[in-house]
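Data from protein_31.cif: mmCIF, C-alpha atoms and all ligand atoms
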data_model
loop_
_atom_site.label_atom_id
_atom_site.label_comp_id
_atom_site.auth_asym_id
_atom_site.auth_seq_id
_atom_site.Cartn_x
_atom_site.Cartn_y
_atom_site.Cartn_z
CA MET A 1 2.71 8.35 -19.31
CA GLY A 2 5.56 8.21 -16.89
CA ARG A 3 8.15 9.40 -19.41
CA PRO A 4 10.61 11.99 -18.16
CA ILE A 5 8.88 15.33 -18.33
CA SER A 6 10.43 17.86 -20.77
CA ILE A 7 11.92 21.07 -19.39
CA SER A 8 9.28 23.28 -21.01
CA SER A 9 6.29 21.22 -19.93
CA PHE A 10 7.89 20.94 -16.48
CA ALA A 11 7.92 24.75 -16.21
CA THR A 12 4.33 24.94 -17.45
CA ALA A 13 3.22 22.25 -15.01
CA GLU A 14 4.90 24.13 -12.16
CA ALA A 15 3.12 27.35 -13.14
CA ARG A 16 -0.22 25.56 -13.39
CA LEU A 17 0.35 23.85 -10.06
CA LYS A 18 1.13 27.17 -8.43
CA ALA A 19 -2.09 28.67 -9.81
CA LEU A 20 -4.07 25.68 -8.54
CA LEU A 21 -2.52 25.95 -5.10
CA ASN A 22 -3.17 29.68 -4.94
CA ARG A 23 -6.87 29.15 -5.24
CA ARG A 24 -6.93 25.97 -3.14
CA ARG A 25 -9.40 25.96 -0.27
CA PRO A 26 -8.13 23.75 2.56
CA GLY A 27 -10.84 21.39 3.77
CA PHE A 28 -12.22 21.02 0.24
CA SER A 29 -11.71 18.27 -2.31
CA LEU A 30 -9.08 18.88 -5.00
CA GLU A 31 -9.68 20.55 -8.32
CA ALA A 32 -10.24 18.27 -11.30
CA ASP A 33 -6.86 19.18 -12.83
CA PHE A 34 -5.14 17.15 -10.12
CA TYR A 35 -6.78 14.07 -11.63
CA THR A 36 -6.89 14.98 -15.31
CA ASP A 37 -3.86 17.12 -16.20
CA PRO A 38 -1.16 14.86 -17.73
CA ASP A 39 1.64 17.24 -16.69
CA ILE A 40 0.55 17.16 -13.06
CA TYR A 41 0.41 13.38 -13.27
CA ALA A 42 4.00 13.30 -14.58
CA LEU A 43 5.03 15.60 -11.75
CA GLU A 44 3.29 13.54 -9.05
CA LEU A 45 4.84 10.31 -10.31
CA ARG A 46 8.32 11.76 -9.77
CA ARG A 47 7.65 13.62 -6.57
CA VAL A 48 5.05 11.53 -4.77
CA VAL A 49 4.57 8.06 -6.22
CA TYR A 50 8.07 6.83 -7.03
CA ARG A 51 9.56 8.15 -3.82
CA ASN A 52 6.84 6.58 -1.69
CA TRP A 53 7.33 3.02 -0.44
CA THR A 54 5.11 0.30 -1.91
CA LEU A 55 4.42 -2.82 0.11
CA ALA A 56 5.75 -5.65 -2.07
CA GLY A 57 4.62 -8.40 0.25
CA HIS A 58 5.46 -10.36 3.37
CA VAL A 59 8.92 -11.82 3.84
CA SER A 60 7.39 -15.32 3.89
CA GLU A 61 6.71 -14.91 0.16
CA TRP A 62 10.47 -15.09 -0.50
CA ARG A 63 11.02 -18.34 1.35
CA VAL A 64 14.00 -19.77 -0.51
CA PRO A 65 16.79 -18.35 -2.70
CA GLY A 66 15.51 -17.57 -6.18
CA ASP A 67 11.98 -16.64 -5.03
CA TYR A 68 10.93 -13.43 -6.74
CA ARG A 69 7.94 -11.14 -7.11
CA SER A 70 7.49 -8.31 -9.57
CA VAL A 71 5.84 -5.11 -8.37
CA ALA A 72 4.29 -2.71 -10.87
CA VAL A 73 3.79 0.97 -10.07
CA ALA A 74 2.71 3.22 -12.95
CA ALA A 75 5.43 3.00 -15.64
CA GLU A 76 7.85 1.25 -13.32
CA SER A 77 8.31 -2.36 -12.32
CA ALA A 78 10.56 -3.84 -9.67
CA ILE A 79 11.90 -7.35 -9.23
CA VAL A 80 12.13 -8.25 -5.56
CA LEU A 81 14.31 -11.31 -5.31
CA ARG A 82 16.00 -13.48 -2.70
CA GLY A 83 19.55 -14.11 -3.84
CA THR A 84 21.42 -17.41 -3.63
CA ASP A 85 23.30 -15.73 -0.77
CA GLY A 86 19.98 -15.47 1.12
CA ARG A 87 19.76 -11.68 0.81
CA LEU A 88 16.60 -9.95 -0.34
CA ARG A 89 17.19 -7.31 -3.03
CA ALA A 90 15.16 -5.17 -5.41
CA PHE A 91 16.07 -4.29 -8.98
CA ALA A 92 14.52 -2.24 -11.74
CA ASN A 93 12.78 -4.73 -14.03
CA VAL A 94 14.60 -3.30 -17.03
CA CYS A 95 17.15 -5.19 -19.11
CA ARG A 96 20.51 -3.43 -19.49
CA HIS A 97 20.70 -4.44 -23.16
CA ARG A 98 17.80 -2.61 -24.82
CA GLY A 99 15.43 -2.20 -21.94
CA SER A 100 12.97 -5.08 -22.14
CA ARG A 101 11.01 -6.09 -19.05
CA ILE A 102 12.72 -9.19 -17.68
CA CYS A 103 10.25 -10.69 -15.21
CA LEU A 104 6.87 -10.95 -16.83
CA ASP A 105 5.25 -13.02 -14.07
CA GLU A 106 3.91 -11.70 -10.82
CA ALA A 107 5.89 -14.27 -8.86
CA GLY A 108 8.10 -17.29 -9.35
CA ARG A 109 11.38 -19.00 -8.53
CA ALA A 110 14.52 -18.86 -10.67
CA ASP A 111 18.26 -19.59 -10.37
CA ALA A 112 18.96 -16.66 -12.68
CA LEU A 113 16.97 -13.97 -14.46
CA THR A 114 16.93 -14.32 -18.23
CA CYS A 115 15.65 -11.52 -20.41
CA PRO A 116 12.98 -12.88 -22.77
CA TYR A 117 14.15 -10.64 -25.64
CA HIS A 118 17.77 -11.67 -26.48
CA GLY A 119 18.59 -13.86 -23.55
CA TRP A 120 20.91 -11.71 -21.43
CA ARG A 121 21.20 -13.47 -18.10
CA TYR A 122 21.60 -11.99 -14.63
CA ALA A 123 22.61 -13.69 -11.39
CA THR A 124 20.32 -13.31 -8.37
CA ASP A 125 22.60 -10.54 -7.07
CA GLY A 126 21.91 -8.55 -10.26
CA GLN A 127 25.27 -9.14 -11.99
CA LEU A 128 25.15 -9.69 -15.74
CA THR A 129 26.59 -13.19 -16.21
CA HIS A 130 25.83 -13.99 -19.82
CA ALA A 131 25.37 -11.90 -22.98
CA ARG A 132 25.83 -13.86 -26.17
CA ASP A 133 27.47 -12.66 -29.39
CA MET A 134 28.97 -9.56 -27.87
CA PRO A 135 32.44 -8.34 -28.92
CA ASP A 136 35.38 -10.25 -27.35
CA ASP A 137 36.38 -7.29 -25.22
CA PHE A 138 32.85 -6.73 -23.88
CA ASP A 139 32.97 -6.01 -20.13
CA ARG A 140 29.80 -7.19 -18.41
CA THR A 141 30.62 -5.54 -15.10
CA PRO A 142 28.84 -2.17 -15.61
CA TYR A 143 25.69 -3.83 -16.95
CA GLY A 144 24.23 -5.33 -13.82
CA LEU A 145 20.57 -4.72 -12.96
CA LYS A 146 19.94 -1.35 -11.33
CA PRO A 147 19.29 -1.72 -7.60
CA LEU A 148 16.22 -0.13 -6.02
CA PRO A 149 15.61 0.86 -2.39
CA LEU A 150 14.24 -2.01 -0.30
CA ALA A 151 13.22 -1.97 3.37
CA GLU A 152 11.93 -4.60 5.74
CA VAL A 153 9.69 -3.61 8.64
CA HIS A 154 8.97 -6.51 11.00
CA GLY A 155 8.25 -8.92 8.15
CA LEU A 156 6.76 -6.42 5.70
CA VAL A 157 8.85 -5.85 2.57
CA PHE A 158 8.72 -2.43 0.92
CA VAL A 159 10.20 -1.26 -2.36
CA ALA A 160 10.59 2.23 -3.85
CA PHE A 161 11.60 3.54 -7.27
CA ALA A 162 13.56 6.58 -6.09
CA ASP A 163 15.07 7.70 -2.82
CA ALA A 164 12.21 7.32 -0.35
CA PRO A 165 12.30 8.79 3.16
CA PRO A 166 13.45 6.08 5.59
CA LEU A 167 11.01 3.78 7.36
CA THR A 168 13.16 3.64 10.50
CA ALA A 169 10.84 5.85 12.58
CA ALA A 170 7.89 3.63 11.61
CA ARG A 171 9.92 0.51 12.39
CA ASP A 172 10.79 1.78 15.86
CA ALA A 173 7.45 3.30 16.80
CA LEU A 174 5.36 0.38 15.55
CA ALA A 175 7.62 -2.37 16.88
CA GLU A 176 5.40 -3.04 19.87
CA PRO A 177 1.98 -3.26 18.20
CA MET A 178 3.51 -5.24 15.33
CA ARG A 179 4.90 -7.68 17.89
CA TRP A 180 1.44 -8.22 19.45
CA PHE A 181 0.14 -9.46 16.10
CA GLY A 182 3.34 -11.39 15.34
CA PHE A 183 3.91 -9.59 12.05
CA GLU A 184 7.22 -11.39 11.49
CA ASP A 185 5.43 -14.73 11.74
CA LEU A 186 2.58 -14.19 9.34
CA GLU A 187 2.05 -15.76 5.96
CA VAL A 188 -0.08 -14.84 3.00
CA ALA A 189 -3.26 -16.90 2.82
CA ALA A 190 -4.73 -15.02 -0.15
CA ARG A 191 -3.67 -12.22 -2.45
CA ARG A 192 -5.85 -10.46 -5.01
CA ARG A 193 -5.24 -7.58 -7.37
CA TYR A 194 -8.25 -5.39 -8.13
CA ALA A 195 -8.36 -3.09 -11.16
CA ILE A 196 -9.83 0.32 -10.37
CA PRO A 197 -10.61 2.39 -13.47
CA ALA A 198 -10.01 5.72 -11.72
CA ASN A 199 -7.12 7.97 -10.76
CA TRP A 200 -5.09 6.40 -7.92
CA LYS A 201 -5.77 9.32 -5.56
CA LEU A 202 -9.52 8.77 -5.73
CA ALA A 203 -8.98 5.17 -4.61
CA ILE A 204 -6.87 6.23 -1.63
CA GLU A 205 -9.10 9.16 -0.74
CA ASN A 206 -12.00 6.75 -0.52
CA TYR A 207 -10.00 4.52 1.82
CA GLN A 208 -9.27 7.53 4.06
CA GLU A 209 -12.84 8.18 5.06
CA CYS A 210 -15.75 6.24 6.46
CA TYR A 211 -18.28 8.94 5.64
CA HIS A 212 -19.42 6.62 2.86
CA CYS A 213 -19.44 3.43 4.93
CA ALA A 214 -23.01 3.62 6.17
CA THR A 215 -24.37 4.12 2.66
CA ALA A 216 -22.01 1.94 0.64
CA HIS A 217 -21.02 -0.94 2.90
CA ALA A 218 -23.87 -2.77 4.61
CA GLU A 219 -21.61 -5.68 5.61
CA TYR A 220 -18.69 -3.55 6.82
CA ALA A 221 -21.00 -1.10 8.62
CA ALA A 222 -22.65 -3.92 10.58
CA ARG A 223 -19.27 -4.92 12.01
CA HIS A 224 -17.13 -1.77 12.28
CA THR A 225 -17.88 1.26 14.43
CA LEU A 226 -15.84 3.96 12.68
CA MET A 227 -18.95 5.68 11.33
CA LEU A 228 -20.70 5.97 14.70
CA ALA A 229 -21.41 9.34 16.29
CA PRO A 230 -18.59 10.23 18.74
CA ARG A 231 -20.50 9.53 21.98
CA ARG A 232 -21.79 6.14 20.90
CA ARG A 233 -18.44 5.25 19.45
CA ALA A 234 -16.68 6.17 22.70
CA ARG A 235 -18.96 3.73 24.58
CA VAL A 236 -18.14 0.80 22.28
CA GLN A 237 -14.49 1.79 22.32
CA GLN A 238 -14.45 1.69 26.12
CA GLY A 239 -15.85 -1.83 26.09
CA MET A 240 -12.99 -2.96 23.87
CA GLN A 241 -10.41 -1.12 25.94
CA SER A 242 -11.56 -2.98 29.06
CA ARG A 243 -10.74 -6.26 27.27
CA LEU A 244 -7.42 -5.23 25.72
CA VAL A 245 -5.02 -6.38 28.40
CA ALA A 246 -6.65 -9.78 28.96
CA ALA A 247 -6.41 -10.35 25.20
CA GLY A 248 -2.66 -9.65 25.22
CA LEU A 249 -2.80 -6.11 23.84
CA GLU A 250 -2.14 -2.69 25.28
CA ASP A 251 -3.64 0.69 24.74
CA LEU A 252 -1.38 2.94 22.73
CA ALA A 253 -1.33 6.70 22.76
CA VAL A 254 -1.08 6.75 18.96
CA ASP A 255 -4.78 6.90 18.29
CA ARG A 256 -5.15 7.84 14.69
CA ILE A 257 -3.74 7.38 11.25
CA ASP A 258 -1.25 10.10 10.50
CA THR A 259 0.45 10.14 7.13
CA ARG A 260 2.40 13.30 7.96
CA ALA A 261 6.02 12.34 8.19
CA PRO A 262 8.31 13.04 11.12
CA ALA A 263 11.21 15.16 9.79
CA GLY A 264 12.95 13.35 6.96
CA GLN A 265 11.03 10.11 7.57
CA THR A 266 8.16 8.21 6.02
CA GLY A 267 4.95 8.82 7.97
CA PHE A 268 3.08 6.04 9.73
CA GLY A 269 0.04 5.50 11.90
CA TYR A 270 -1.57 3.15 14.38
CA SER A 271 -5.00 2.99 15.99
CA ARG A 272 -7.36 0.31 17.31
CA THR A 273 -11.09 0.55 16.86
CA ALA A 274 -13.81 -1.58 18.44
CA LEU A 275 -16.04 -3.83 16.38
CA PHE A 276 -19.72 -4.06 17.28
CA ASP A 277 -20.59 -6.34 20.18
CA GLY A 278 -20.79 -9.94 19.09
CA TYR A 279 -18.01 -9.55 16.49
CA LEU A 280 -14.66 -10.98 17.54
CA THR A 281 -13.17 -10.40 14.11
CA GLY A 282 -14.05 -9.19 10.60
CA SER A 283 -15.98 -12.29 9.60
CA ARG A 284 -19.47 -13.07 8.32
CA ASP A 285 -20.82 -14.33 11.64
CA GLY A 286 -18.41 -12.51 13.96
CA LYS A 287 -16.76 -15.77 14.98
CA PRO A 288 -13.01 -16.46 14.58
CA VAL A 289 -11.80 -17.22 11.06
CA ALA A 290 -8.19 -18.25 11.79
CA PRO A 291 -5.87 -18.99 14.75
CA LEU A 292 -5.13 -16.06 17.07
CA LEU A 293 -2.12 -14.03 15.91
CA GLY A 294 1.22 -13.65 17.66
CA LYS A 295 1.01 -14.19 21.39
CA LEU A 296 -2.56 -12.93 21.71
CA ALA A 297 -4.46 -14.66 24.51
CA GLY A 298 -7.97 -13.89 23.32
CA TYR A 299 -10.26 -11.59 21.38
CA ASP A 300 -10.81 -8.01 22.54
CA GLY A 301 -13.25 -7.33 19.68
CA GLY A 302 -11.13 -4.70 17.97
CA ALA A 303 -9.24 -4.08 14.74
CA SER A 304 -6.00 -2.09 14.38
CA ASP A 305 -5.16 0.22 11.51
CA PHE A 306 -1.53 0.53 10.50
CA SER A 307 -0.31 2.86 7.79
CA PHE A 308 3.09 3.23 6.13
CA GLY A 309 3.51 6.29 3.95
CA GLY A 310 0.65 7.44 1.78
CA CYS A 311 -0.29 4.25 -0.08
CA ASN A 312 -0.03 1.23 2.27
CA PHE A 313 -2.69 0.42 4.85
CA LEU A 314 -3.12 -2.67 7.01
CA LEU A 315 -5.96 -3.76 9.24
CA ALA A 316 -5.07 -6.22 12.00
CA TYR A 317 -7.92 -8.19 13.50
CA SER A 318 -7.01 -10.56 16.29
CA ASP A 319 -6.80 -13.56 13.95
CA HIS A 320 -5.82 -12.12 10.57
CA VAL A 321 -4.35 -9.07 8.89
CA VAL A 322 -5.60 -7.51 5.68
CA ALA A 323 -3.18 -5.30 3.71
CA TYR A 324 -4.25 -2.73 1.09
CA VAL A 325 -1.68 -1.43 -1.33
CA PHE A 326 -2.78 1.26 -3.78
CA THR A 327 -0.73 1.93 -6.92
CA PRO A 328 -1.33 3.97 -10.07
CA VAL A 329 -1.37 2.05 -13.35
CA ASP A 330 -1.72 5.19 -15.45
CA GLN A 331 -3.45 8.49 -14.89
CA HIS A 332 -6.95 7.03 -15.13
CA ASN A 333 -6.37 3.55 -13.77
CA ALA A 334 -5.21 2.28 -10.40
CA ALA A 335 -4.61 -1.13 -8.88
CA LEU A 336 -5.32 -2.32 -5.38
CA SER A 337 -3.46 -5.35 -4.08
CA VAL A 338 -5.18 -6.92 -1.10
CA LEU A 339 -3.31 -9.48 1.00
CA TRP A 340 -4.91 -11.63 3.68
CA LEU A 341 -2.32 -12.77 6.21
CA VAL A 342 -2.67 -15.44 8.90
CA LYS A 343 -0.40 -16.91 11.53
CA ARG A 344 2.52 -18.85 10.05
CA GLY A 345 1.76 -22.54 9.87
CA ALA A 346 -2.02 -22.09 9.68
CA GLU A 347 -3.37 -24.44 7.05
CA ALA A 348 -6.13 -23.73 4.57
CA GLY A 349 -9.04 -26.13 5.11
CA ARG A 350 -7.90 -27.01 8.61
CA ASP A 351 -7.29 -23.68 10.38
CA TYR A 352 -9.07 -21.31 8.04
CA ASP A 353 -11.36 -21.34 5.08
CA GLU A 354 -10.20 -18.97 2.34
CA ALA A 355 -13.71 -17.97 1.29
CA GLY A 356 -14.62 -17.14 4.90
CA LEU A 357 -11.38 -15.25 5.47
CA THR A 358 -11.69 -13.07 2.37
CA TRP A 359 -15.48 -12.59 2.34
CA LEU A 360 -15.74 -9.21 4.10
CA TRP A 361 -12.96 -7.32 2.36
CA ASP A 362 -13.56 -8.81 -1.05
CA ARG A 363 -17.18 -7.67 -0.83
CA THR A 364 -16.22 -4.27 0.62
CA THR A 365 -13.55 -3.74 -2.06
CA GLU A 366 -16.00 -4.48 -4.89
CA GLN A 367 -18.38 -1.91 -3.38
CA ASP A 368 -15.55 0.60 -3.05
CA ILE A 369 -14.53 0.17 -6.69
CA GLU A 370 -18.05 1.03 -7.79
CA ILE A 371 -18.26 4.24 -5.75
CA ILE A 372 -14.71 5.28 -6.71
CA CYS A 373 -15.64 4.92 -10.39
CA ASN A 374 -18.78 7.01 -9.89
CA ASN A 375 -16.57 9.64 -8.25
CA ALA A 376 -14.18 9.57 -11.23
CA ARG A 377 -17.05 9.99 -13.71
CA GLY A 378 -18.37 13.06 -11.88
CA LEU A 379 -14.91 14.60 -11.64
CA HIS A 380 -14.60 14.64 -15.41
CA SER A 381 -17.70 16.80 -15.76
CA GLN A 382 -17.36 20.52 -16.54
CA HIS A 383 -19.74 21.06 -13.61
CA TYR A 384 -17.45 19.54 -11.00
CA GLU A 385 -15.94 21.93 -8.48
CA PRO A 386 -14.21 21.14 -5.17
CA GLY A 387 -16.70 20.47 -2.39
CA PRO A 388 -16.41 20.86 1.40
CA LEU A 389 -15.27 17.88 3.46
CA SER A 390 -17.25 16.60 6.44
CA THR A 391 -16.03 16.17 10.01
CA MET A 392 -15.81 12.44 9.21
CA GLU A 393 -13.26 13.14 6.49
CA ARG A 394 -10.49 14.49 8.72
CA ALA A 395 -8.03 11.76 7.74
CA LEU A 396 -8.83 12.42 4.08
CA ALA A 397 -8.13 16.15 4.57
CA GLU A 398 -4.79 15.22 6.15
CA TRP A 399 -3.97 12.84 3.32
CA LEU A 400 -4.64 15.59 0.77
CA GLU A 401 -2.34 17.95 2.66
CA TRP A 402 0.35 15.26 2.72
CA TYR A 403 -0.04 14.71 -1.02
CA LEU A 404 0.17 18.43 -1.78
CA ALA A 405 3.20 18.87 0.46
CA GLU A 406 4.97 16.02 -1.38
CA LEU A 407 3.89 17.34 -4.77
CA THR A 408 5.24 20.81 -4.10
CA GLY A 409 8.37 19.57 -2.37
CA ASP A 410 7.32 21.06 0.99
CA GLY A 411 7.07 17.60 2.53
CA ARG A 412 10.77 16.92 2.07
CA ALA A 413 13.31 17.40 4.79
S1 LIG B 501 16.60 -6.35 -24.22
FE1 LIG B 501 17.15 -7.86 -22.83
S2 LIG B 501 18.47 -9.15 -23.89
FE2 LIG B 501 17.94 -7.60 -25.31
FE FE B 502 -15.20 1.93 1.49
#

Mind converting the file's structure to structure tokens?
Amino acid sequence: MGRPISISSFATAEARLKALLNRRRPGFSLEADFYTDPDIYALELRRVVYRNWTLAGHVSEWRVPGDYRSVAVAAESAIVLRGTDGRLRAFANVCRHRGSRICLDEAGRADALTCPYHGWRYATDGQLTHARDMPDDFDRTPYGLKPLPLAEVHGLVFVAFADAPPLTAARDALAEPMRWFGFEDLEVAARRRYAIPANWKLAIENYQECYHCATAHAEYAARHTLMLAPRRRARVQQGMQSRLVAAGLEDLAVDRIDTRAPAGQTGFGYSRTALFDGYLTGSRDGKPVAPLLGKLAGYDGGASDFSFGGCNFLLAYSDHVVAYVFTPVDQHNAALSVLWLVKRGAEAGRDYDEAGLTWLWDRTTEQDIEIICNNARGLHSQHYEPGPLSTMERALAEWLEWYLAELTGDGRA
């Protein structure tokens, strides 16, 4: 998995992909081969996954020089590290001696990075500083860690494993809504990694639609209005819109998630959706769970969806933000990192209770994992064939088109 694809299997995969696309019916789910064919998986890693930004975390997680996090995506791993010069950088987590992983922990703090295999040592700017028992004339200069693309968007830190389309359009267009919620001044209150034994696309596809919400998510469905029929939803939405300005928000024309990229850029999205009356935020009893974010003056009873590229989704309530980052582990396993973010300086036990903060999306995620796995099981049957999408799966249909455009190279500028 994840090894460079050979020329011959590359040609075969291309031919197979072409055949699959020729018989593709837009508005239908994908054929099973997109989830089961190892050559297509190798192709999508190179063309879609590695050149798509992955949210590594919030800038507050690299507070002081030496703070690092490792980020795993399929066969790759990145070290995101704050240097002693204060700069945040990303490197391939691959030793330049014989290729061992260097950082084995998810996060930590270090003055230097030492490979656990033979002890080669790297400075926090990636330079190789120590390699014992090498010939006298050994020049360490060309053996620094390989840098990876890194981008910061109003406090969110993204990493990629190949040239990813810039996030500058997202940074500009989302500057205002991200300011309302004080994204630069958040901090991570909780972070969990969920294993999903299914192809990564099934996990994201499930996140793209709320067709399943009424049947799968009793707790979510009692609070969120995404699954309501349009007329009823419009009424609730109007109620929220009448409270927006007093709460310190504004109505934005960007009203839906859109992963299609502006030319040469990473796609993004923003929308705000009302919660049911009586719910100020995504909590068990509808009451606040943390201090109001940013400069918000009150609760409008809504939640904002943000998206960055095809794999990173954030939901901003008025008093906390939940981030969902989907990554493949291998062809049949994915991981979902969920981050709960609160206003900087908020203290656990005093300003928020971690169990109360995480209750809704921990519960909803567990339910999602179960239905995603059922989906994966059915897809492996010889009786599976692509089925028609509902009107409530419009965002999913768009996500599939985005994925196919990236996979075939049509999505590139
Ligand atoms: S592989 Fe890292 S020091 Fe040998
Ligand atoms: Fe769900």

Problem set entry | Top pick for closest residue to A:Tyr220, considering A:Gly349, A:Gly282, A:Pro177, A:Pro386 and counting only C-alpha atoms |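 Looking only at the distances to A:Tyr220, the closest residue turns out to be A:Gly282.
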
For this session: Identify, on the basis of all atoms listed in the file, every residue whose closest approach to A:Leu407 does not exceed 7 Å; exclude the query and any residue fewer than 3 positions from it along the same chain; express the result as a PyMOL selection string.
Result: chain A and resi 44+47-48+403-404

Report as CSV: every residue of chain A with an atom at most 9 Å from ligand LIG 501 (chain B), its closest pair of atoms, and their distance in Å to one decimal, counting all atoms listed in the file, with rows sorted by chain and ascending residue number.
residue,atom,partner,partner_atom,distance
A:Val94,CA,B:LIG501,FE1,7.8
A:Cys95,CA,B:LIG501,FE1,4.6
A:Arg96,CA,B:LIG501,FE1,6.5
A:His97,CA,B:LIG501,S1,4.6
A:Arg98,CA,B:LIG501,S1,4.0
A:Gly99,CA,B:LIG501,S1,4.9
A:Ser100,CA,B:LIG501,S1,4.4
A:Arg101,CA,B:LIG501,FE1,7.4
A:Ile102,CA,B:LIG501,FE1,6.9
A:Thr114,CA,B:LIG501,S2,7.8
A:Cys115,CA,B:LIG501,FE1,4.6
A:Pro116,CA,B:LIG501,FE1,6.5
A:Tyr117,CA,B:LIG501,FE2,4.9
A:His118,CA,B:LIG501,S2,3.7
A:Gly119,CA,B:LIG501,S2,4.7
A:Trp120,CA,B:LIG501,S2,4.3
A:Arg121,CA,B:LIG501,S2,7.7
A:Ala131,CA,B:LIG501,S2,7.5

Do you have, as a Markdown table, the list of residues of chain A lying at most 12 Å from ligand FE 502 (chain B), each with its nearest atom pair and that distance in Å to one decimal, counting only C-alpha atoms and all ligand atoms and ordered by chain then number?
| residue | atom | partner | partner_atom | distance |
| --- | --- | --- | --- | --- |
| A:Leu202 | CA | B:FE502 | FE | 11.5 |
| A:Ala203 | CA | B:FE502 | FE | 9.3 |
| A:Ile204 | CA | B:FE502 | FE | 9.9 |
| A:Glu205 | CA | B:FE502 | FE | 9.7 |
| A:Asn206 | CA | B:FE502 | FE | 6.1 |
| A:Tyr207 | CA | B:FE502 | FE | 5.8 |
| A:Gln208 | CA | B:FE502 | FE | 8.6 |
| A:Glu209 | CA | B:FE502 | FE | 7.6 |
| A:Cys210 | CA | B:FE502 | FE | 6.6 |
| A:Tyr211 | CA | B:FE502 | FE | 8.7 |
| A:His212 | CA | B:FE502 | FE | 6.5 |
| A:Cys213 | CA | B:FE502 | FE | 5.7 |
| A:Ala214 | CA | B:FE502 | FE | 9.3 |
| A:Thr215 | CA | B:FE502 | FE | 9.5 |
| A:Ala216 | CA | B:FE502 | FE | 6.9 |
| A:His217 | CA | B:FE502 | FE | 6.6 |
| A:Ala218 | CA | B:FE502 | FE | 10.3 |
| A:Glu219 | CA | B:FE502 | FE | 10.8 |
| A:Tyr220 | CA | B:FE502 | FE | 8.4 |
| A:Ala221 | CA | B:FE502 | FE | 9.7 |
| A:His224 | CA | B:FE502 | FE | 11.6 |
| A:Leu226 | CA | B:FE502 | FE | 11.4 |
| A:Met227 | CA | B:FE502 | FE | 11.2 |
| A:Tyr324 | CA | B:FE502 | FE | 11.9 |
| A:Leu360 | CA | B:FE502 | FE | 11.5 |
| A:Trp361 | CA | B:FE502 | FE | 9.6 |
| A:Asp362 | CA | B:FE502 | FE | 11.2 |
| A:Arg363 | CA | B:FE502 | FE | 10.1 |
| A:Thr364 | CA | B:FE502 | FE | 6.3 |
| A:Thr365 | CA | B:FE502 | FE | 6.9 |
| A:Glu366 | CA | B:FE502 | FE | 9.1 |
| A:Gln367 | CA | B:FE502 | FE | 7.0 |
| A:Asp368 | CA | B:FE502 | FE | 4.7 |
| A:Ile369 | CA | B:FE502 | FE | 8.4 |
| A:Glu370 | CA | B:FE502 | FE | 9.7 |
| A:Ile371 | CA | B:FE502 | FE | 8.2 |
| A:Ile372 | CA | B:FE502 | FE | 8.9 |

Exercise. Which residues come within 12 Å of A:Gln382, counting only C-alpha atoms, excluding same-chain residues fewer than 5 positions away, as a PyMOL selection string?
Worked result: chain A and resi 31-33+36+377

Take the residues just selected and output them with C-alpha atoms as a PDB file, in the frame of the given file.
ATOM      1  CA  GLU A  31      -9.680  20.550  -8.320  1.00  0.00           C
ATOM      2  CA  ALA A  32     -10.240  18.270 -11.300  1.00  0.00           C
ATOM      3  CA  ASP A  33      -6.860  19.180 -12.830  1.00  0.00           C
ATOM      4  CA  THR A  36      -6.890  14.980 -15.310  1.00  0.00           C
ATOM      5  CA  ARG A 377     -17.050   9.990 -13.710  1.00  0.00           C
TER       6      ARG A 377
END
